[in-house]
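One file, entry36.txt, carrying compact mmCIF, C-alpha atoms:
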# COMPACT_ATOMS: atom_id res chain seq x y z
CA MET A 20 -149.11 0.26 69.52
CA LYS A 21 -146.91 -2.72 68.75
CA ARG A 22 -143.38 -2.22 70.01
CA VAL A 23 -140.54 -2.85 67.53
CA CYS A 24 -137.11 -4.07 68.68
CA PRO A 25 -134.60 -1.36 67.89
CA PHE A 26 -132.06 -4.01 66.74
CA ALA A 27 -134.42 -5.86 64.43
CA TRP A 28 -132.89 -4.20 61.41
CA LEU A 29 -129.45 -5.56 62.38
CA ALA A 30 -130.78 -9.11 62.71
CA ALA A 31 -132.49 -8.81 59.35
CA PHE A 32 -129.27 -7.58 57.79
CA LEU A 33 -127.30 -10.54 59.13
CA VAL A 34 -129.89 -12.95 57.77
CA LEU A 35 -129.57 -11.31 54.38
CA VAL A 36 -125.75 -11.64 54.52
CA ILE A 37 -125.95 -15.31 55.48
CA VAL A 38 -128.51 -16.10 52.79
CA GLY A 39 -126.66 -14.08 50.17
CA CYS A 40 -123.22 -15.58 50.86
CA GLY A 41 -124.40 -19.07 51.55
CA ARG A 42 -122.29 -19.45 54.72
CA LEU A 43 -121.31 -17.69 57.89
CA PRO A 44 -118.23 -15.51 57.63
CA VAL A 45 -115.04 -17.05 59.10
CA LEU A 46 -113.86 -14.97 62.00
CA PRO A 47 -110.36 -15.23 63.49
CA ASN A 48 -109.91 -17.34 66.61
CA SER A 49 -110.08 -14.89 69.48
CA LEU A 50 -110.21 -17.36 72.36
CA GLY A 51 -106.62 -18.61 72.02
CA LYS A 52 -107.18 -22.28 72.78
CA ALA A 53 -104.33 -24.49 71.53
CA PRO A 54 -104.94 -26.86 68.63
CA THR A 55 -104.36 -30.62 68.77
CA ALA A 56 -101.71 -32.21 66.52
CA VAL A 57 -102.34 -35.78 65.38
CA LEU A 58 -99.66 -37.55 63.34
CA SER A 59 -100.00 -40.94 61.67
CA ILE A 60 -97.36 -42.55 59.41
CA THR A 61 -98.04 -45.72 57.45
CA PRO A 62 -96.09 -47.95 57.43
CA ALA A 63 -94.11 -47.06 60.54
CA ALA A 64 -91.44 -49.70 59.78
CA GLY A 65 -90.12 -51.59 56.78
CA ALA A 66 -87.13 -52.42 54.64
CA VAL A 67 -85.25 -49.71 52.76
CA PRO A 68 -86.05 -48.00 50.53
CA LEU A 69 -89.13 -47.35 52.68
CA ASP A 70 -91.99 -45.33 51.15
CA ALA A 71 -94.40 -44.05 53.81
CA TRP A 72 -97.46 -41.81 53.95
CA VAL A 73 -98.06 -39.04 56.48
CA ASP A 74 -101.65 -38.36 57.58
CA THR A 75 -102.37 -35.26 59.68
CA ARG A 76 -106.13 -35.08 59.08
CA GLY A 77 -106.88 -35.93 62.69
CA SER A 78 -105.42 -32.60 63.82
CA SER A 79 -108.02 -30.07 64.98
CA ASP A 80 -108.61 -26.73 66.68
CA PRO A 81 -111.44 -26.31 69.26
CA ASP A 82 -112.22 -22.67 68.57
CA GLY A 83 -110.90 -21.90 65.11
CA ARG A 84 -109.07 -23.60 62.29
CA ILE A 85 -105.58 -24.93 61.51
CA VAL A 86 -103.82 -22.72 59.00
CA LEU A 87 -100.37 -24.36 58.81
CA ARG A 88 -98.99 -27.91 58.97
CA GLU A 89 -95.21 -28.47 59.09
CA LEU A 90 -93.08 -31.62 59.24
CA ALA A 91 -89.50 -32.20 60.41
CA ILE A 92 -87.23 -35.25 60.28
CA GLY A 93 -84.89 -35.39 63.28
CA ASP A 94 -83.36 -31.96 63.85
CA GLU A 95 -83.94 -30.75 60.31
CA PRO A 96 -85.98 -27.52 59.98
CA TYR A 97 -89.76 -27.76 59.65
CA GLN A 98 -91.17 -27.79 56.10
CA GLU A 99 -94.77 -26.95 55.22
CA ILE A 100 -96.88 -29.91 54.07
CA ASP A 101 -100.49 -30.67 53.10
CA GLU A 102 -102.87 -32.73 55.23
CA GLU A 103 -101.34 -35.83 53.65
CA HIS A 104 -97.71 -36.09 52.57
CA PRO A 105 -95.34 -38.77 51.14
CA LEU A 106 -92.01 -39.67 52.76
CA ARG A 107 -89.13 -41.83 51.58
CA PHE A 108 -86.32 -43.31 53.70
CA ASP A 109 -83.37 -44.58 51.67
CA TYR A 110 -81.05 -45.49 54.54
CA GLU A 111 -81.37 -47.77 57.53
CA GLY A 112 -82.03 -46.30 60.97
CA THR A 113 -84.65 -44.97 63.36
CA TYR A 114 -85.98 -41.55 62.38
CA ARG A 115 -87.86 -39.11 64.64
CA VAL A 116 -90.68 -37.39 62.75
CA SER A 117 -92.35 -34.27 64.18
CA LEU A 118 -95.57 -32.52 63.13
CA ARG A 119 -96.24 -28.92 64.12
CA VAL A 120 -99.67 -27.37 63.53
CA THR A 121 -100.55 -23.68 63.88
CA ASP A 122 -104.08 -22.29 64.23
CA ASP A 123 -105.52 -18.95 63.15
CA SER A 124 -104.64 -17.29 66.45
CA GLY A 125 -100.99 -18.34 66.25
CA GLU A 126 -101.24 -21.14 68.82
CA THR A 127 -99.19 -24.27 68.02
CA ALA A 128 -99.06 -27.93 68.97
CA VAL A 129 -96.55 -30.68 68.21
CA ALA A 130 -96.86 -34.44 67.79
CA GLU A 131 -93.98 -36.88 67.32
CA THR A 132 -93.54 -40.47 66.22
CA SER A 133 -90.75 -42.73 64.96
CA VAL A 134 -90.16 -44.56 61.70
CA ILE A 135 -87.82 -47.55 61.54
CA ALA A 136 -86.09 -48.13 58.19
CA GLU A 137 -84.77 -51.69 58.31
CA PRO A 138 -82.06 -53.42 56.26
CA VAL A 139 -83.20 -55.62 53.40
CA ALA A 140 -83.49 -59.20 54.65
CA GLY A 141 -80.55 -61.38 53.65
CA THR A 142 -78.27 -58.56 52.50
CA ALA A 143 -74.71 -58.41 53.77
CA GLN A 144 -73.64 -55.39 55.76
CA ARG A 145 -71.02 -53.42 53.83
CA PHE A 146 -69.21 -50.14 54.16
CA ARG A 147 -71.36 -47.32 52.82
CA ILE A 148 -70.32 -43.79 51.88
CA ASP A 149 -73.39 -41.57 51.66
CA VAL A 150 -72.63 -38.47 49.56
CA ARG A 151 -74.58 -35.23 49.87
CA TYR A 152 -74.17 -31.94 48.04
CA PRO A 153 -75.04 -28.39 49.12
CA SER A 154 -77.84 -27.13 46.92
CA GLY A 155 -76.92 -25.67 43.54
CA ARG A 156 -73.13 -25.69 43.89
CA VAL A 157 -72.01 -29.03 42.47
CA ALA A 158 -72.41 -29.84 38.77
CA ALA A 159 -72.92 -33.31 37.32
CA ARG A 160 -69.24 -33.58 36.31
CA GLU A 161 -68.00 -33.08 39.87
CA ARG A 162 -70.71 -35.34 41.29
CA GLU A 163 -69.59 -38.11 38.98
CA ALA A 164 -66.00 -37.77 40.23
CA VAL A 165 -67.04 -37.80 43.89
CA GLU A 166 -69.37 -40.77 43.48
CA ALA A 167 -66.79 -42.72 41.46
CA ALA A 168 -64.26 -42.16 44.25
CA ALA A 169 -66.79 -43.22 46.89
CA ALA A 170 -67.58 -46.38 44.91
CA LYS A 171 -63.89 -47.25 44.58
CA TRP A 172 -63.06 -46.80 48.25
CA SER A 173 -66.20 -48.74 49.21
CA GLU A 174 -64.87 -51.71 47.25
CA VAL A 175 -61.64 -51.63 49.24
CA VAL A 176 -63.15 -50.87 52.67
CA VAL A 177 -65.90 -53.45 53.15
CA GLY A 178 -66.62 -53.84 56.87
CA ASP A 179 -69.77 -52.27 58.29
CA LEU A 180 -69.33 -49.80 61.16
CA ARG A 181 -71.84 -49.18 63.91
CA ASP A 182 -74.75 -46.98 62.82
CA THR A 183 -74.49 -43.62 64.57
CA SER A 184 -77.05 -40.82 64.69
CA VAL A 185 -76.16 -37.15 64.57
CA SER A 186 -78.07 -33.90 64.90
CA THR A 187 -77.91 -30.91 62.59
CA GLY A 188 -76.27 -28.86 65.32
CA GLN A 189 -73.51 -31.42 65.86
CA VAL A 190 -72.66 -31.55 62.16
CA GLU A 191 -72.70 -27.77 61.83
CA GLN A 192 -70.45 -27.26 64.85
CA ALA A 193 -67.89 -29.83 63.75
CA CYS A 194 -67.96 -29.30 59.98
CA GLY A 195 -69.28 -25.79 59.32
CA ASN A 196 -72.63 -24.07 58.92
CA GLU A 197 -72.77 -24.93 55.20
CA TYR A 198 -73.21 -28.62 55.97
CA ARG A 199 -76.48 -29.81 57.47
CA TYR A 200 -77.71 -33.31 58.23
CA SER A 201 -79.73 -35.02 60.94
CA GLY A 202 -80.29 -38.75 61.32
CA PRO A 203 -78.42 -42.07 61.20
CA ILE A 204 -75.12 -42.52 59.38
CA ASP A 205 -73.99 -45.84 57.93
CA ASP A 206 -71.00 -45.70 57.67
CA LEU A 207 -69.51 -42.40 56.46
CA LEU A 208 -71.35 -39.22 55.49
CA LEU A 209 -69.42 -37.24 52.86
CA PHE A 210 -70.24 -33.71 51.79
CA GLY A 211 -69.04 -32.95 48.26
CA ASP A 212 -68.81 -29.26 47.54
CA VAL A 213 -67.50 -26.71 45.02
CA ARG A 214 -66.73 -23.25 46.35
CA ASP A 215 -64.56 -20.24 45.64
CA LEU A 216 -61.27 -20.81 47.48
CA ASP A 217 -58.24 -18.89 46.18
CA GLY A 218 -58.68 -18.49 42.42
CA PRO A 219 -56.88 -20.43 39.66
CA GLY A 220 -53.95 -22.53 40.83
CA GLY A 221 -52.90 -22.58 44.45
CA VAL A 222 -55.31 -24.66 46.53
CA VAL A 223 -57.51 -26.69 44.19
CA GLY A 224 -59.22 -28.68 46.92
CA MET A 225 -59.48 -29.33 50.62
CA ALA A 226 -60.60 -32.39 52.51
CA GLY A 227 -60.70 -34.12 55.85
CA ALA A 228 -62.78 -35.93 58.43
CA CYS A 229 -64.49 -33.19 60.41
CA LEU A 230 -66.46 -35.40 62.84
CA LEU A 231 -65.15 -38.64 64.35
CA ARG A 232 -66.87 -41.56 66.04
CA SER A 233 -66.03 -42.36 69.65
CA ASP A 234 -63.70 -45.15 68.41
CA GLY A 235 -61.77 -42.70 66.21
CA PHE A 236 -63.17 -43.71 62.83
CA PRO A 237 -64.37 -40.85 60.59
CA LEU A 238 -68.13 -40.28 60.75
CA VAL A 239 -68.53 -37.11 58.62
CA GLY A 240 -66.09 -35.74 56.08
CA VAL A 241 -65.85 -32.93 53.54
CA ILE A 242 -64.28 -32.60 50.09
CA VAL A 243 -64.29 -29.08 48.63
CA LEU A 244 -63.03 -28.27 45.13
CA ASP A 245 -62.08 -24.75 44.08
CA ARG A 246 -64.56 -23.51 41.49
CA ALA A 247 -61.72 -21.76 39.64
CA ASP A 248 -59.83 -25.04 39.09
CA VAL A 249 -62.43 -27.69 38.27
CA ASP A 250 -62.42 -26.89 34.53
CA PHE A 251 -58.64 -27.31 34.39
CA LEU A 252 -58.75 -30.57 36.38
CA ALA A 253 -61.51 -31.97 34.18
CA ALA A 254 -59.82 -30.95 30.93
CA SER A 255 -56.47 -32.42 32.01
CA GLY A 256 -58.06 -35.70 33.10
CA ASP A 257 -56.98 -35.26 36.71
CA LEU A 258 -60.32 -34.50 38.38
CA HIS A 259 -61.13 -38.11 39.28
CA THR A 260 -57.62 -38.74 40.62
CA VAL A 261 -57.63 -35.62 42.79
CA VAL A 262 -61.03 -36.43 44.28
CA GLN A 263 -60.08 -40.06 44.94
CA HIS A 264 -56.88 -38.89 46.66
CA GLU A 265 -58.83 -36.44 48.82
CA LEU A 266 -61.31 -39.12 49.87
CA GLY A 267 -58.34 -41.15 51.10
CA HIS A 268 -57.58 -38.30 53.49
CA VAL A 269 -61.22 -38.22 54.62
CA LEU A 270 -60.81 -41.90 55.55
CA ASP A 271 -57.94 -40.77 57.83
CA LEU A 272 -54.92 -41.60 55.67
CA SER A 273 -52.89 -38.72 57.10
CA MET A 274 -50.48 -37.82 59.87
CA SER A 275 -53.38 -37.06 62.21
CA GLY A 276 -55.09 -40.40 61.61
CA TRP A 277 -51.84 -42.39 61.84
CA GLN A 278 -50.63 -40.64 64.99
CA ARG A 279 -53.94 -41.19 66.80
CA ARG A 280 -53.51 -44.93 66.21
CA GLY A 281 -49.80 -45.05 67.08
CA LEU A 282 -48.83 -46.05 63.52
CA LEU A 283 -46.31 -43.31 62.68
CA SER A 284 -42.66 -43.36 63.77
CA HIS A 285 -40.02 -40.63 63.40
CA GLU A 286 -36.64 -40.17 65.03
CA ARG A 287 -37.19 -36.61 66.30
CA ALA A 288 -39.89 -35.17 68.50
CA GLY A 289 -41.54 -33.42 65.58
CA CYS A 290 -42.43 -35.40 62.46
CA TYR A 291 -41.75 -32.47 60.13
CA ASP A 292 -38.22 -32.18 61.56
CA SER A 293 -37.48 -35.87 61.05
CA HIS A 294 -35.53 -37.58 58.26
CA SER A 295 -36.66 -41.12 59.01
CA VAL A 296 -40.47 -41.36 58.93
CA HIS A 297 -42.32 -44.67 58.64
CA PHE A 298 -45.76 -46.22 58.83
CA THR A 299 -45.49 -49.06 61.34
CA GLY A 300 -48.53 -51.22 60.52
CA ALA A 301 -47.74 -54.91 60.09
CA ALA A 302 -50.17 -55.51 57.20
CA ALA A 303 -48.77 -52.63 55.13
CA GLU A 304 -45.24 -53.82 55.88
CA ARG A 305 -46.07 -57.29 54.53
CA GLU A 306 -47.46 -55.83 51.30
CA PHE A 307 -44.41 -53.58 50.99
CA ALA A 308 -42.16 -56.63 51.29
CA ARG A 309 -44.13 -58.51 48.64
CA LEU A 310 -43.40 -55.68 46.22
CA GLY A 311 -39.69 -55.93 46.95
CA GLY A 312 -39.45 -53.33 49.71
CA ALA A 313 -37.54 -53.86 52.92
CA GLY A 314 -38.43 -52.85 56.47
CA ARG A 315 -41.15 -50.44 57.49
CA VAL A 316 -43.18 -48.48 54.95
CA PRO A 317 -41.49 -45.14 54.12
CA VAL A 318 -43.56 -41.97 54.59
CA GLU A 319 -42.73 -38.65 52.91
CA ASN A 320 -39.96 -36.88 54.84
CA ASN A 321 -39.36 -33.74 52.77
CA GLY A 322 -40.24 -31.45 55.70
CA VAL A 323 -43.01 -29.68 53.79
CA MET A 324 -45.91 -29.16 56.17
CA GLY A 325 -48.86 -31.29 55.08
CA THR A 326 -46.99 -33.20 52.38
CA ALA A 327 -44.54 -34.71 54.82
CA CYS A 328 -45.89 -37.28 57.29
CA SER A 329 -49.28 -37.57 55.53
CA HIS A 330 -48.32 -39.32 52.25
CA TRP A 331 -46.27 -42.26 51.10
CA ASP A 332 -42.66 -41.42 50.27
CA GLU A 333 -42.46 -40.11 46.71
CA GLU A 334 -39.01 -41.52 45.90
CA THR A 335 -40.12 -45.01 46.94
CA PHE A 336 -43.69 -45.17 45.69
CA GLY A 337 -43.72 -42.87 42.64
CA GLY A 338 -47.18 -42.79 41.09
CA GLU A 339 -49.21 -44.47 43.88
CA LEU A 340 -52.47 -42.68 44.71
CA MET A 341 -51.55 -41.58 48.24
CA THR A 342 -48.15 -40.03 47.52
CA GLY A 343 -47.90 -36.24 47.44
CA TYR A 344 -47.40 -36.32 43.69
CA LEU A 345 -50.41 -37.30 41.62
CA ASP A 346 -50.27 -39.19 38.35
CA ARG A 347 -53.35 -39.43 36.20
CA ASP A 348 -55.21 -42.69 37.01
CA ALA A 349 -52.87 -43.25 39.94
CA PRO A 350 -53.30 -46.78 41.35
CA LEU A 351 -54.76 -47.44 44.79
CA SER A 352 -52.28 -50.11 45.83
CA ARG A 353 -52.43 -53.07 48.21
CA ILE A 354 -50.10 -51.11 50.50
CA THR A 355 -52.73 -48.40 50.96
CA GLY A 356 -55.43 -51.02 51.44
CA ALA A 357 -53.28 -52.82 54.02
CA ALA A 358 -52.65 -49.52 55.82
CA LEU A 359 -56.40 -49.11 56.20
CA SER A 360 -56.49 -52.62 57.66
CA ASP A 361 -53.80 -51.64 60.17
CA MET A 362 -55.97 -48.64 61.06
CA GLY A 363 -58.85 -50.96 61.97
CA TYR A 364 -60.93 -51.07 58.81
CA GLN A 365 -62.04 -54.38 57.32
CA VAL A 366 -60.69 -54.38 53.76
CA ASN A 367 -60.72 -56.38 50.55
CA LEU A 368 -57.19 -56.19 49.12
CA ASP A 369 -58.33 -57.87 45.91
CA ALA A 370 -60.26 -54.66 45.08
CA THR A 371 -57.06 -52.59 44.95
CA ASP A 372 -55.25 -51.72 41.70
CA ALA A 373 -52.24 -53.36 40.09
CA TYR A 374 -49.07 -51.59 41.19
CA THR A 375 -45.29 -52.00 41.22
CA LEU A 376 -42.68 -49.94 43.03
CA SER A 377 -41.37 -47.25 40.67
CA GLY A 378 -37.80 -46.88 41.86
CA GLY A 379 -37.33 -43.78 39.68
CA GLY A 380 -38.64 -41.10 41.97
CA GLY A 381 -35.86 -38.60 41.21
CA LEU A 382 -36.59 -38.60 37.48
CA ARG A 383 -40.33 -38.24 38.06
CA THR A 384 -39.81 -35.28 40.35
CA GLN A 385 -37.84 -33.49 37.63
CA ALA A 386 -40.78 -33.96 35.26
CA VAL A 387 -43.24 -31.97 37.35
CA GLY A 388 -45.10 -29.54 35.11
CA VAL A 389 -47.88 -28.05 37.22
CA ALA A 390 -47.82 -27.71 40.98
CA ILE A 391 -51.20 -27.67 42.65
CA GLY A 392 -52.17 -27.45 46.27
CA GLU A 393 -54.49 -29.26 48.61
CA ARG A 394 -55.59 -28.37 52.11
CA LEU A 395 -55.95 -30.96 54.86
CA LEU A 396 -58.80 -29.97 57.14
CA PRO A 397 -58.52 -30.55 60.90
CA VAL A 398 -60.95 -32.63 62.92
CA GLY A 399 -63.70 -30.46 64.41
CA GLY A 400 -65.28 -32.81 66.93
CA VAL A 401 -65.80 -36.32 68.32
CA LEU A 402 -69.06 -38.01 69.32
CA ASP A 403 -68.67 -39.81 72.64
CA ASP A 404 -70.35 -43.10 73.56
CA ASN A 405 -73.42 -41.17 74.76
CA GLY A 406 -73.80 -39.34 71.46
CA GLU A 407 -72.58 -36.05 72.92
CA LEU A 408 -70.34 -33.83 70.80
CA LYS A 409 -66.89 -33.01 72.14
CA LEU A 410 -65.35 -30.20 70.15
CA VAL A 411 -61.66 -30.42 69.24
CA PRO A 412 -59.62 -27.21 69.65
CA GLN A 413 -59.25 -25.90 66.13
CA SER A 414 -55.92 -25.64 64.38
CA ASP A 415 -55.36 -24.01 61.02
CA PRO A 416 -55.88 -26.18 57.94
CA VAL A 417 -52.63 -27.48 56.49
CA ASP A 418 -51.76 -26.36 52.96
CA LEU A 419 -49.49 -28.52 50.84
CA GLN A 420 -48.28 -28.88 47.31
CA LEU A 421 -49.12 -31.78 45.02
CA GLY A 422 -47.27 -32.23 41.77
CA LEU A 423 -49.04 -33.18 38.56
CA PRO A 424 -46.95 -34.47 35.65
CA ALA A 425 -46.34 -32.32 32.60
CA ARG A 426 -48.99 -32.64 29.89
Rendering of file as structure tokens:
Amino acid sequence: MKRVCPFAWLAAFLVLVIVGCGRLPVLPNSLGKAPTAVLSITPAAGAVPLDAWVDTRGSSDPDGRIVLRELAIGDEPYQEIDEEHPLRFDYEGTYRVSLRVTDDSGETAVAETSVIAEPVAGTAQRFRIDVRYPSGRVAAREREAVEAAAAKWSEVVVGDLRDTSVSTGQVEQACGNEYRYSGPIDDLLLFGDVRDLDGPGGVVGMAGACLLRSDGFPLVGVIVLDRADVDFLAASGDLHTVVQHELGHVLDLSMSGWQRRGLLSHERAGCYDSHSVHFTGAAAEREFARLGGAGRVPVENNGVMGTACSHWDEETFGGELMTGYLDRDAPLSRITGAALSDMGYQVNLDATDAYTLSGGGGLRTQAVGVAIGERLLPVGGVLDDNGELKLVPQSDPVDLQLGLPAR
């Protein structure tokens, strides 16, 4: 009698399954061999804005299949992508791009390459303020004010600073976990934000340079407006002035920035305890003299922490932008532009606003209608010449009062 294989029925069943389904069933990878990641970016270099195309189709897995492709720029978190993916680089610099692939057994592999975004041929290097906003918190009205302020200051400060690259971790440690960025900076990275601070009135905004370059120039700064006050500032017409004033502090127009450069004099050991406080830069002194002033440039000496030593003297300069008392459409004067020159910036004084010394500070002070507050944020860290972050021991932010004129 012919002998029948006891497993013939199983083989026949599998044939029926294959024929009926049209393909073999996909089984999970049980061998655990790592996949291979292959990353190609075309073009790998070009002038900004640079549009490039990512191709990961060469990636493979020897004993299974790739189930996930993810891409990261610099130290930014990985984001899932398809086999092919578009990229755009708006700013000059060298970017590290990483591909991570994961197979059906959970094994991963990584491939890296670089993309060079080059300056446009023949364009002059100028001071650039790159503004970024945390997702979902900043409305178009506030963005317009921040970008208008950035455009104005970029007309006054014109000299290009050395491109410097930062990691996400460095920015977070110096500026706070809300603010994330990785890559090159040319010349200042500014985070514009709107958050709940202290309710209506009180502190309406806070600002400062949180991360400095090795040469002391600001690299990353923050301006935060209180959500409870932006409607009032917009309705009163003061939003643009407040933001422009705060950006001046981000550029280091403050006691901290002046003291680091040896440009602040006062007769007592502590500036807040002094009655004679002056900015000692030669360029600002020349502009002060051209307006009819005499001697060194007076700095606020009212003893109020934050207001004193970080603003021009109110009685002398009245409605100038960087006094501690804000007028609507306050002018950014040649004195402020010259002070930035004394601090080491390359400036264009012709881009400043028309301004004359007020002389009537006492009368203006009596006309104050609404007192509002700002907060000067301390520096969080410095990048050394090797690109390493050196954290600065934290001090409390400095609250101060700004006066707005009666409506």
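Between Thr121 in chain A and the residues A:Ala53, A:Val185, A:Leu216, A:Ala64, the shortest atom-to-atom distance, using all atoms listed in the file, involves A:Ala53.
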Legend entry - Interatomic distance (Å, one decimal) between CA of Ala128 in chain A and CA of Trp72 in chain A: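 CA of Trp72 in chain A lies at a distance of 20.5 Å from CA of Ala128 in chain A.
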Inset, instruction - Quick one: pull the distance between CA of Ser329 in chain A and CA of Pro317 in chain A, Å, one decimal. - result: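 Taking CA of Ser329 in chain A and CA of Pro317 in chain A, their separation equals 11.0 Å.
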Inset, instruction - Rank nothing, just name the residue among A:Thr75, A:Ser186, A:Gln263, A:Asn196 nearest to Ala167 in chain A, using all atoms listed in the file. - result: A:Gln263
At a cut-off of 8 Å, using all atoms listed in the file, what residues contact Leu207 in chain A? Leave out same-chain residues fewer than 5 positions from it and give the result as a short mmCIF file (atom, residue, chain, number, x, y, z; two decimals) with C-alpha atoms, in the coordinates of the input.
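Heads up, here's the output in selection23.cif:
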data_model
loop_
_atom_site.label_atom_id
_atom_site.label_comp_id
_atom_site.auth_asym_id
_atom_site.auth_seq_id
_atom_site.Cartn_x
_atom_site.Cartn_y
_atom_site.Cartn_z
CA ARG A 147 -71.36 -47.32 52.82
CA ILE A 148 -70.32 -43.79 51.88
CA ASP A 149 -73.39 -41.57 51.66
CA PRO A 237 -64.37 -40.85 60.59
CA LEU A 238 -68.13 -40.28 60.75
CA VAL A 239 -68.53 -37.11 58.62
CA GLY A 240 -66.09 -35.74 56.08
#
Inset, instruction - Identify the residues within 10 Å of coordinate (-49.0, -48.5, 54.6) (same frame as the file), considering all atoms listed in the file, and give the answer as a ChimeraX atom specification. - result: /A:272,277,282-283,297-307,315-318,330-331,341,352-362
Write the residues you've just listed into a file as a PDB file, keeping the file's coordinate frame, and include C-alpha atoms for each of them.
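As written to disk, again03.pdb reads:
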ATOM      1  CA  LEU A 272     -54.920 -41.600  55.670  1.00  0.00           C
ATOM      2  CA  TRP A 277     -51.840 -42.390  61.840  1.00  0.00           C
ATOM      3  CA  LEU A 282     -48.830 -46.050  63.520  1.00  0.00           C
ATOM      4  CA  LEU A 283     -46.310 -43.310  62.680  1.00  0.00           C
ATOM      5  CA  HIS A 297     -42.320 -44.670  58.640  1.00  0.00           C
ATOM      6  CA  PHE A 298     -45.760 -46.220  58.830  1.00  0.00           C
ATOM      7  CA  THR A 299     -45.490 -49.060  61.340  1.00  0.00           C
ATOM      8  CA  GLY A 300     -48.530 -51.220  60.520  1.00  0.00           C
ATOM      9  CA  ALA A 301     -47.740 -54.910  60.090  1.00  0.00           C
ATOM     10  CA  ALA A 302     -50.170 -55.510  57.200  1.00  0.00           C
ATOM     11  CA  ALA A 303     -48.770 -52.630  55.130  1.00  0.00           C
ATOM     12  CA  GLU A 304     -45.240 -53.820  55.880  1.00  0.00           C
ATOM     13  CA  ARG A 305     -46.070 -57.290  54.530  1.00  0.00           C
ATOM     14  CA  GLU A 306     -47.460 -55.830  51.300  1.00  0.00           C
ATOM     15  CA  PHE A 307     -44.410 -53.580  50.990  1.00  0.00           C
ATOM     16  CA  ARG A 315     -41.150 -50.440  57.490  1.00  0.00           C
ATOM     17  CA  VAL A 316     -43.180 -48.480  54.950  1.00  0.00           C
ATOM     18  CA  PRO A 317     -41.490 -45.140  54.120  1.00  0.00           C
ATOM     19  CA  VAL A 318     -43.560 -41.970  54.590  1.00  0.00           C
ATOM     20  CA  HIS A 330     -48.320 -39.320  52.250  1.00  0.00           C
ATOM     21  CA  TRP A 331     -46.270 -42.260  51.100  1.00  0.00           C
ATOM     22  CA  MET A 341     -51.550 -41.580  48.240  1.00  0.00           C
ATOM     23  CA  SER A 352     -52.280 -50.110  45.830  1.00  0.00           C
ATOM     24  CA  ARG A 353     -52.430 -53.070  48.210  1.00  0.00           C
ATOM     25  CA  ILE A 354     -50.100 -51.110  50.500  1.00  0.00           C
ATOM     26  CA  THR A 355     -52.730 -48.400  50.960  1.00  0.00           C
ATOM     27  CA  GLY A 356     -55.430 -51.020  51.440  1.00  0.00           C
ATOM     28  CA  ALA A 357     -53.280 -52.820  54.020  1.00  0.00           C
ATOM     29  CA  ALA A 358     -52.650 -49.520  55.820  1.00  0.00           C
ATOM     30  CA  LEU A 359     -56.400 -49.110  56.200  1.00  0.00           C
ATOM     31  CA  SER A 360     -56.490 -52.620  57.660  1.00  0.00           C
ATOM     32  CA  ASP A 361     -53.800 -51.640  60.170  1.00  0.00           C
ATOM     33  CA  MET A 362     -55.970 -48.640  61.060  1.00  0.00           C
TER      34      MET A 362
END
Legend entry - Minimum-distance residue to Glu265 in chain A, chosen among A:Glu393, A:Asp292, A:Asp234, A:Glu286 (using only C-alpha atoms):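 Result for the nearest residue to Glu265 in chain A: A:Glu393.
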